$ cat work21.cif   # mmCIF, C-alpha atoms
data_start
loop_
_atom_site.label_atom_id
_atom_site.label_comp_id
_atom_site.auth_asym_id
_atom_site.auth_seq_id
_atom_site.Cartn_x
_atom_site.Cartn_y
_atom_site.Cartn_z
CA MET A 1 108.55 120.13 125.19
CA ASN A 2 108.06 123.07 122.79
CA LYS A 3 109.43 125.67 125.19
CA VAL A 4 111.41 128.88 124.70
CA ILE A 5 114.74 128.20 126.42
CA LEU A 6 117.51 130.76 126.91
CA ILE A 7 120.98 129.38 127.66
CA THR A 8 124.09 131.41 128.50
CA GLY A 9 127.55 130.16 127.56
CA ALA A 10 126.13 127.66 125.11
CA SER A 11 128.73 127.42 122.35
CA ARG A 12 131.07 124.96 124.10
CA GLY A 13 131.19 122.24 126.73
CA ILE A 14 128.26 121.68 129.05
CA GLY A 15 126.20 124.55 127.64
CA ARG A 16 126.56 123.24 124.10
CA GLU A 17 125.42 119.75 125.13
CA ILE A 18 122.42 121.22 126.93
CA ALA A 19 121.48 123.28 123.87
CA ILE A 20 121.71 120.29 121.50
CA THR A 21 119.83 117.96 123.84
CA LEU A 22 116.96 120.41 124.30
CA ALA A 23 116.86 121.37 120.61
CA LYS A 24 116.27 117.71 119.76
CA GLU A 25 113.14 117.91 121.93
CA LYS A 26 111.67 120.48 119.52
CA ASN A 27 112.24 123.45 121.79
CA ILE A 28 113.13 126.95 120.67
CA ILE A 29 116.71 127.49 121.88
CA ILE A 30 118.45 130.85 122.20
CA ALA A 31 122.14 130.13 122.71
CA ASN A 32 124.33 132.91 124.02
CA TYR A 33 128.00 132.93 123.05
CA ASN A 34 130.86 135.40 123.21
CA LYS A 35 134.14 134.31 121.59
CA SER A 36 133.42 130.91 119.99
CA GLU A 37 131.59 132.24 116.94
CA ASN A 38 132.33 129.30 114.63
CA LYS A 39 131.03 126.80 117.16
CA ALA A 40 127.94 128.94 117.68
CA LYS A 41 127.28 129.11 113.93
CA GLU A 42 127.56 125.33 113.79
CA LEU A 43 124.77 125.09 116.38
CA LYS A 44 122.61 127.32 114.24
CA GLU A 45 123.25 125.41 111.02
CA LYS A 46 123.04 121.86 112.38
CA TYR A 47 120.33 122.20 115.02
CA ASN A 48 118.36 125.32 114.03
CA ILE A 49 119.37 127.05 117.26
CA ASP A 50 119.06 130.83 117.53
CA ILE A 51 122.44 132.28 118.51
CA TYR A 52 123.15 135.66 120.09
CA LYS A 53 126.57 137.18 120.82
CA THR A 54 126.84 138.67 124.30
CA ASP A 55 129.61 139.41 126.77
CA ILE A 56 127.71 138.04 129.74
CA SER A 57 129.99 139.88 132.20
CA GLN A 58 128.44 143.17 131.06
CA GLU A 59 125.14 144.06 132.73
CA THR A 60 123.73 146.01 129.80
CA GLN A 61 124.44 143.16 127.39
CA CYS A 62 122.66 140.69 129.71
CA ARG A 63 119.58 142.88 129.65
CA GLU A 64 119.80 143.21 125.87
CA LEU A 65 119.92 139.41 125.52
CA VAL A 66 116.70 139.02 127.49
CA LYS A 67 115.09 141.90 125.59
CA TYR A 68 116.04 140.30 122.26
CA THR A 69 114.49 137.00 123.32
CA LEU A 70 111.24 138.53 124.56
CA ASN A 71 110.88 140.77 121.52
CA LYS A 72 111.29 137.80 119.19
CA TYR A 73 109.52 135.01 121.08
CA LYS A 74 107.26 136.93 123.53
CA LYS A 75 108.15 134.71 126.49
CA ILE A 76 110.90 132.76 128.23
CA ASP A 77 109.86 129.41 129.66
CA VAL A 78 113.28 128.29 130.84
CA LEU A 79 116.46 130.19 131.75
CA ILE A 80 119.71 128.24 132.10
CA ASN A 81 122.60 130.21 133.59
CA ASN A 82 125.60 128.21 132.41
CA ALA A 83 128.23 130.80 131.42
CA GLY A 84 131.30 130.69 133.58
CA ILE A 85 135.05 131.25 133.69
CA ASP A 86 137.82 130.21 136.08
CA LYS A 87 141.40 131.14 136.87
CA ASN A 88 143.74 128.88 138.81
CA GLN A 89 145.76 131.03 141.23
CA LEU A 90 146.78 131.54 144.84
CA ILE A 91 144.70 133.96 146.88
CA THR A 92 147.79 136.16 147.19
CA GLU A 93 147.83 136.52 143.40
CA VAL A 94 144.17 137.52 142.95
CA THR A 95 143.74 141.06 141.64
CA LYS A 96 140.66 143.26 141.63
CA LYS A 97 140.47 142.68 137.88
CA ASP A 98 140.47 138.90 138.40
CA TRP A 99 137.77 139.20 141.05
CA ASP A 100 135.54 141.45 138.93
CA ASN A 101 135.93 139.31 135.82
CA ILE A 102 135.04 136.01 137.52
CA ILE A 103 132.29 137.37 139.78
CA ASN A 104 130.66 139.41 137.01
CA THR A 105 130.75 136.52 134.53
CA ASN A 106 129.72 133.71 136.87
CA LEU A 107 127.51 135.31 139.51
CA TYR A 108 126.39 138.85 138.71
CA SER A 109 125.35 137.84 135.20
CA ALA A 110 123.21 135.04 136.66
CA PHE A 111 121.58 137.54 139.02
CA ILE A 112 120.80 139.98 136.21
CA MET A 113 119.51 137.24 133.91
CA CYS A 114 117.23 135.97 136.70
CA GLN A 115 116.05 139.49 137.48
CA GLU A 116 115.15 140.30 133.88
CA THR A 117 113.65 136.89 133.07
CA ALA A 118 111.63 136.71 136.30
CA ARG A 119 109.56 139.73 135.24
CA ASN A 120 108.17 137.73 132.31
CA MET A 121 107.84 134.49 134.25
CA ILE A 122 105.95 136.19 137.10
CA GLN A 123 103.56 137.70 134.58
CA ASN A 124 102.99 134.26 133.03
CA LYS A 125 102.72 132.54 136.45
CA LYS A 126 105.16 129.82 135.41
CA GLY A 127 108.79 129.24 134.60
CA CYS A 128 111.94 127.28 135.30
CA ILE A 129 115.39 128.62 136.16
CA ILE A 130 118.41 126.31 136.30
CA ASN A 131 121.78 127.56 137.51
CA ILE A 132 124.85 125.50 136.60
CA SER A 133 127.05 125.91 139.66
CA SER A 134 129.85 123.53 140.68
CA ILE A 135 131.02 120.99 143.20
CA TRP A 136 133.48 123.69 144.30
CA GLY A 137 130.62 125.94 145.34
CA GLN A 138 129.74 123.27 147.91
CA VAL A 139 133.15 122.31 149.28
CA GLY A 140 135.61 124.91 147.94
CA ALA A 141 138.66 124.38 145.76
CA SER A 142 142.28 125.15 146.53
CA MET A 143 143.68 127.87 144.26
CA GLU A 144 140.19 128.60 142.91
CA VAL A 145 138.89 130.78 145.69
CA VAL A 146 137.05 133.38 143.57
CA TYR A 147 135.50 130.69 141.37
CA SER A 148 134.36 128.79 144.48
CA ILE A 149 132.83 131.97 145.90
CA SER A 150 130.99 132.67 142.65
CA LYS A 151 129.51 129.17 142.49
CA ALA A 152 128.51 129.17 146.17
CA GLY A 153 126.78 132.47 145.41
CA MET A 154 124.84 130.85 142.58
CA ASP A 155 123.56 128.20 144.99
CA GLY A 156 122.53 130.92 147.43
CA LEU A 157 120.75 132.74 144.62
CA THR A 158 118.95 129.50 143.73
CA LYS A 159 117.65 128.89 147.26
CA SER A 160 116.55 132.46 147.80
CA LEU A 161 114.74 132.75 144.47
CA ALA A 162 113.04 129.39 144.93
CA LYS A 163 111.35 130.79 148.04
CA GLU A 164 110.56 134.16 146.48
CA LEU A 165 109.32 132.96 143.10
CA GLY A 166 107.62 129.71 144.11
CA PRO A 167 104.24 131.36 144.74
CA SER A 168 104.35 132.55 141.11
CA GLY A 169 104.76 128.99 139.84
CA ILE A 170 108.47 129.39 139.09
CA ARG A 171 110.91 126.63 140.02
CA VAL A 172 114.59 127.45 140.63
CA ASN A 173 117.31 124.81 141.01
CA SER A 174 121.08 124.42 140.74
CA ILE A 175 123.06 121.62 139.19
CA ALA A 176 126.54 121.22 140.69
CA PRO A 177 128.73 119.21 138.29
CA GLY A 178 131.79 117.36 139.49
CA PHE A 179 134.72 116.59 137.17
CA ILE A 180 133.13 116.69 133.71
CA ASN A 181 135.08 115.69 130.61
CA THR A 182 135.38 118.99 128.70
CA ASP A 183 138.25 120.86 127.06
CA ILE A 184 138.54 123.11 130.12
CA ASN A 185 140.25 120.18 131.83
CA ASN A 186 143.03 119.89 129.23
CA ILE A 187 145.36 121.45 131.80
CA TYR A 188 145.49 118.11 133.66
CA SER A 189 147.99 115.40 132.78
CA GLU A 190 147.00 111.77 132.18
CA GLU A 191 148.45 110.88 135.56
CA GLU A 192 146.41 113.56 137.29
CA ILE A 193 143.22 112.41 135.53
CA THR A 194 143.89 108.83 136.67
CA GLN A 195 144.33 110.01 140.25
CA ILE A 196 141.06 111.93 140.12
CA LYS A 197 139.21 108.90 138.76
CA GLU A 198 140.52 106.85 141.67
CA GLU A 199 139.02 109.36 144.10
CA ILE A 200 135.57 109.11 142.50
CA PRO A 201 133.43 106.17 143.73
CA LEU A 202 132.16 105.46 140.20
CA GLN A 203 135.80 105.46 139.01
CA LYS A 204 135.15 107.62 135.97
CA LEU A 205 134.73 111.21 134.83
CA GLY A 206 131.34 112.65 134.04
CA ASN A 207 130.30 113.64 130.53
CA THR A 208 128.42 116.70 129.34
CA ILE A 209 125.40 114.55 128.50
CA ASP A 210 125.08 113.67 132.20
CA ILE A 211 124.43 117.32 132.99
CA ALA A 212 122.15 117.79 129.97
CA LYS A 213 119.98 114.85 131.07
CA CYS A 214 119.64 116.38 134.54
CA VAL A 215 118.63 119.71 132.98
CA LYS A 216 116.01 117.97 130.85
CA TRP A 217 114.57 116.24 133.91
CA LEU A 218 114.39 119.48 135.90
CA ILE A 219 112.50 121.17 133.07
CA GLU A 220 109.98 118.34 132.90
CA ASP A 221 109.61 118.01 136.67
CA GLU A 222 106.87 119.99 138.44
CA TYR A 223 107.70 119.70 142.15
CA THR A 224 111.44 120.15 142.64
CA THR A 225 112.66 123.62 143.61
CA GLY A 226 115.36 125.20 145.74
CA GLN A 227 117.69 122.22 145.35
CA VAL A 228 121.38 121.92 144.57
CA ILE A 229 121.66 118.65 142.65
CA SER A 230 125.15 117.18 142.66
CA VAL A 231 126.16 115.27 139.54
CA ASN A 232 129.64 114.14 140.51
CA GLY A 233 129.88 110.33 140.54
CA GLY A 234 129.92 110.36 144.32
CA TRP A 235 133.15 112.38 144.49
CA VAL A 236 131.55 114.64 147.11
CA ILE A 237 128.57 113.44 149.12
CA THR A 238 127.00 116.10 151.31
#
$ encode --input "work21.cif" --output "structure tokens"
Amino acid sequence: MNKVILITGASRGIGREIAITLAKEKNIIIANYNKSENKAKELKEKYNIDIYKTDISQETQCRELVKYTLNKYKKIDVLINNAGIDKNQLITEVTKKDWDNIINTNLYSAFIMCQETARNMIQNKKGCIINISSIWGQVGASMEVVYSISKAGMDGLTKSLAKELGPSGIRVNSIAPGFINTDINNIYSEEEITQIKEEIPLQKLGNTIDIAKCVKWLIEDEYTTGQVISVNGGWVIT
């Protein structure tokens, strides 16, 4: 592909798999990370991926990340907004701090990254933006109300930008993963995992490579935009 690809939240889980998959295609990858420095350094050493430490919840640091990328590589062909956090809690327990932390990390950062990156893409008359949302942005999740709001917002951002940026040759899509096998799901017991598998028509959990393959396809595709693509084994069919 030989593209300049900027990925947020790329040191672990889905973001890491996306970074590795796209690096193997001889792309220039800029992988944002915040706390997982050792894992980020491993990406750099093993896959020649450019890493950049940023607290994505902070607006100024988002802008600095884009500025760093453009100063070094002169363009951004693909932006992948993957960074995200969650907190399992009742709505009666949600504080303003919880709200700000989740919304700023998951949604406002994606908005700022799109805003800053779009300036370059519009100038170049081409580009691809992929937002990693969630199944819960489509149907909602009990005890994850703020997370669900943030991911629904990402899908709204996707649809709006697809209409606005399409005339400039820029495609914008969301991928909404279902239950993907990552360390974030270590909170579930074996029994709970078995129950979830039974609810999924394909009778299995997804893997990070399933999302990475979808990302790769969306980058290569030339006529898909404004879509929320569900990769969930049929768990939710809308």
$ closest_residue --input "work21.cif" --among "A:Ile175, A:Ile130, A:Ile196, A:Ile49" --to "Phe111 (chain A)" --atoms "only C-alpha atoms"
A:Ile130
$ residues_around --input "work21.cif" --residues "Met113 (chain A)" --least-positions-apart "3" --cutoff "8 Å" --atoms "all atoms listed in the file" --output "count of residues only"
9
$ closest_residue --input "work21.cif" --among "A:Leu70, A:Ile229, A:Ile112, A:Ala212" --to "Lys24 (chain A)" --atoms "only C-alpha atoms"
A:Ala212
$ closest_residue --input "work21.cif" --among "A:Ser11, A:Thr182, A:Asn71, A:Ser57" --to "Glu37 (chain A)" --atoms "only C-alpha atoms"
A:Ser11
$ resolve_selection --input "work21.cif" --expression "the PyMOL selection byres ((chain A and resi 125-127) around 6)" --output "compact mmCIF listing (two decimals) with C-alpha atoms, in the frame of the given file"
# COMPACT_ATOMS: atom_id res chain seq x y z
CA ASP A 77 109.86 129.41 129.66
CA VAL A 78 113.28 128.29 130.84
CA MET A 121 107.84 134.49 134.25
CA ILE A 122 105.95 136.19 137.10
CA GLN A 123 103.56 137.70 134.58
CA ASN A 124 102.99 134.26 133.03
CA CYS A 128 111.94 127.28 135.30
CA SER A 168 104.35 132.55 141.11
CA GLY A 169 104.76 128.99 139.84
CA ILE A 170 108.47 129.39 139.09
$ atom_distance --input "work21.cif" --atom1 "CA of Lys97 (chain A)" --atom2 "CA of Gly140 (chain A)"
21.0 Å
$ residues_around --input "work21.cif" --residues "Val215 (chain A)" --least-positions-apart "5" --cutoff "9 Å" --atoms "all atoms listed in the file" --output "ChimeraX atom specification"
/A:18,22,80,130,175,210,220
$ closest_residue --input "work21.cif" --among "A:Asn131, A:Asn88, A:Gln61, A:Asn27" --to "Gly15 (chain A)" --atoms "all atoms listed in the file"
A:Asn131
$ resolve_selection --input "work21.cif" --expression "the PyMOL selection byres ((chain A and resi 48) around 10)" --output "count of residues only"
17
$ closest_residue --input "work21.cif" --among "A:Asn173, A:Ser150, A:Asn186, A:Asn181" --to "Leu218 (chain A)" --atoms "only C-alpha atoms"
A:Asn173
$ residues_around --input "work21.cif" --residues "Ile184 (chain A)" --least-positions-apart "4" --cutoff "10 Å" --atoms "all atoms listed in the file" --output "list in words"
Arg12, Gly13, Ile85, Asp86, Ile180 and Tyr188 of chain A
$ closest_residue --input "work21.cif" --among "A:Ile200, A:Ile211, A:Val228, A:Val94" --to "Met154 (chain A)" --atoms "only C-alpha atoms"
A:Val228
$ atom_distance --input "work21.cif" --atom1 "CA of Ala162 (chain A)" --atom2 "CA of Ser174 (chain A)"
10.3 Å
$ atom_distance --input "work21.cif" --atom1 "CA of Ile102 (chain A)" --atom2 "CA of Val146 (chain A)"
6.9 Å
$ residues_around --input "work21.cif" --residues "Asn34 (chain A)" --least-positions-apart "5" --cutoff "6 Å" --atoms "all atoms listed in the file" --output "list in words"
Lys53, Thr54 and Asp55 of chain A
$ resolve_selection --input "work21.cif" --expression "the PyMOL selection byres ((chain A and resi 231) around 12)" --output "compact mmCIF listing (two decimals) with C-alpha atoms, keeping the file's coordinate frame"
# COMPACT_ATOMS: atom_id res chain seq x y z
CA ILE A 132 124.85 125.50 136.60
CA SER A 133 127.05 125.91 139.66
CA SER A 134 129.85 123.53 140.68
CA ILE A 135 131.02 120.99 143.20
CA SER A 174 121.08 124.42 140.74
CA ILE A 175 123.06 121.62 139.19
CA ALA A 176 126.54 121.22 140.69
CA PRO A 177 128.73 119.21 138.29
CA GLY A 178 131.79 117.36 139.49
CA PHE A 179 134.72 116.59 137.17
CA ILE A 180 133.13 116.69 133.71
CA ILE A 200 135.57 109.11 142.50
CA LEU A 202 132.16 105.46 140.20
CA LEU A 205 134.73 111.21 134.83
CA GLY A 206 131.34 112.65 134.04
CA ASN A 207 130.30 113.64 130.53
CA THR A 208 128.42 116.70 129.34
CA ILE A 209 125.40 114.55 128.50
CA ASP A 210 125.08 113.67 132.20
CA ILE A 211 124.43 117.32 132.99
CA ALA A 212 122.15 117.79 129.97
CA LYS A 213 119.98 114.85 131.07
CA CYS A 214 119.64 116.38 134.54
CA VAL A 215 118.63 119.71 132.98
CA VAL A 228 121.38 121.92 144.57
CA ILE A 229 121.66 118.65 142.65
CA SER A 230 125.15 117.18 142.66
CA ASN A 232 129.64 114.14 140.51
CA GLY A 233 129.88 110.33 140.54
CA GLY A 234 129.92 110.36 144.32
CA TRP A 235 133.15 112.38 144.49
CA VAL A 236 131.55 114.64 147.11
CA ILE A 237 128.57 113.44 149.12
CA THR A 238 127.00 116.10 151.31
$ axis_aligned_box --input "work21.cif" --around "region 198-203 of chain A" --padding-each-side "5 Å" --output "lines of an AutoDock Vina configuration file"
center_x = 136.3
center_y = 107.4
center_z = 141.6
size_x = 18.4
size_y = 13.9
size_z = 15.1
$ residues_around --input "work21.cif" --residues "Trp136 (chain A)" --least-positions-apart "2" --cutoff "8 Å" --atoms "only C-alpha atoms" --output "PyMOL selection string"
chain A and resi 134+138-141+147-148+151-152
$ build_atoms --input "work21.cif" --residues "region 145-168 of chain A" --atoms "N, CA and C atoms" --output "mmCIF file, in the coordinates of the input"
data_model
loop_
_atom_site.group_PDB
_atom_site.id
_atom_site.type_symbol
_atom_site.label_atom_id
_atom_site.label_comp_id
_atom_site.auth_asym_id
_atom_site.auth_seq_id
_atom_site.Cartn_x
_atom_site.Cartn_y
_atom_site.Cartn_z
ATOM 1 N N VAL A 145 139.723 130.186 144.649
ATOM 2 C CA VAL A 145 138.890 130.780 145.690
ATOM 3 C C VAL A 145 137.773 131.653 145.116
ATOM 4 N N VAL A 146 138.077 132.479 144.124
ATOM 5 C CA VAL A 146 137.050 133.380 143.570
ATOM 6 C C VAL A 146 136.000 132.570 142.819
ATOM 7 N N TYR A 147 136.442 131.573 142.067
ATOM 8 C CA TYR A 147 135.500 130.690 141.370
ATOM 9 C C TYR A 147 134.585 129.998 142.367
ATOM 10 N N SER A 148 135.158 129.472 143.458
ATOM 11 C CA SER A 148 134.360 128.790 144.480
ATOM 12 C C SER A 148 133.342 129.737 145.097
ATOM 13 N N ILE A 149 133.746 130.961 145.358
ATOM 14 C CA ILE A 149 132.830 131.970 145.900
ATOM 15 C C ILE A 149 131.680 132.228 144.927
ATOM 16 N N SER A 150 132.017 132.361 143.652
ATOM 17 C CA SER A 150 130.990 132.670 142.650
ATOM 18 C C SER A 150 129.956 131.546 142.543
ATOM 19 N N LYS A 151 130.415 130.305 142.627
ATOM 20 C CA LYS A 151 129.510 129.170 142.490
ATOM 21 C C LYS A 151 128.689 128.956 143.761
ATOM 22 N N ALA A 152 129.278 129.206 144.918
ATOM 23 C CA ALA A 152 128.510 129.170 146.170
ATOM 24 C C ALA A 152 127.426 130.240 146.141
ATOM 25 N N GLY A 153 127.767 131.391 145.556
ATOM 26 C CA GLY A 153 126.780 132.470 145.410
ATOM 27 C C GLY A 153 125.626 132.075 144.520
ATOM 28 N N MET A 154 125.913 131.325 143.467
ATOM 29 C CA MET A 154 124.840 130.850 142.580
ATOM 30 C C MET A 154 123.878 129.936 143.337
ATOM 31 N N ASP A 155 124.426 129.081 144.205
ATOM 32 C CA ASP A 155 123.560 128.200 144.990
ATOM 33 C C ASP A 155 122.717 128.991 145.978
ATOM 34 N N GLY A 156 123.302 130.048 146.554
ATOM 35 C CA GLY A 156 122.530 130.920 147.430
ATOM 36 C C GLY A 156 121.427 131.646 146.688
ATOM 37 N N LEU A 157 121.739 132.101 145.481
ATOM 38 C CA LEU A 157 120.750 132.740 144.620
ATOM 39 C C LEU A 157 119.604 131.772 144.324
ATOM 40 N N THR A 158 119.947 130.544 144.023
ATOM 41 C CA THR A 158 118.950 129.500 143.730
ATOM 42 C C THR A 158 117.979 129.327 144.883
ATOM 43 N N LYS A 159 118.498 129.163 146.086
ATOM 44 C CA LYS A 159 117.650 128.890 147.260
ATOM 45 C C LYS A 159 116.758 130.072 147.593
ATOM 46 N N SER A 160 117.325 131.260 147.498
ATOM 47 C CA SER A 160 116.550 132.460 147.800
ATOM 48 C C SER A 160 115.421 132.672 146.797
ATOM 49 N N LEU A 161 115.746 132.544 145.511
ATOM 50 C CA LEU A 161 114.740 132.750 144.470
ATOM 51 C C LEU A 161 113.661 131.676 144.479
ATOM 52 N N ALA A 162 114.041 130.459 144.855
ATOM 53 C CA ALA A 162 113.040 129.390 144.930
ATOM 54 C C ALA A 162 111.939 129.761 145.919
ATOM 55 N N LYS A 163 112.330 130.364 147.032
ATOM 56 C CA LYS A 163 111.350 130.790 148.040
ATOM 57 C C LYS A 163 110.545 131.994 147.544
ATOM 58 N N GLU A 164 111.221 132.930 146.914
ATOM 59 C CA GLU A 164 110.560 134.160 146.480
ATOM 60 C C GLU A 164 109.631 133.940 145.286
ATOM 61 N N LEU A 165 110.055 133.110 144.346
ATOM 62 C CA LEU A 165 109.320 132.960 143.100
ATOM 63 C C LEU A 165 108.372 131.759 143.072
ATOM 64 N N GLY A 166 108.493 130.885 144.057
ATOM 65 C CA GLY A 166 107.620 129.710 144.110
ATOM 66 C C GLY A 166 106.141 130.024 144.041
ATOM 67 N N PRO A 167 105.665 131.031 144.798
ATOM 68 C CA PRO A 167 104.240 131.360 144.740
ATOM 69 C C PRO A 167 103.757 131.801 143.355
ATOM 70 N N SER A 168 104.706 132.175 142.477
ATOM 71 C CA SER A 168 104.350 132.550 141.110
ATOM 72 C C SER A 168 104.481 131.369 140.147
#
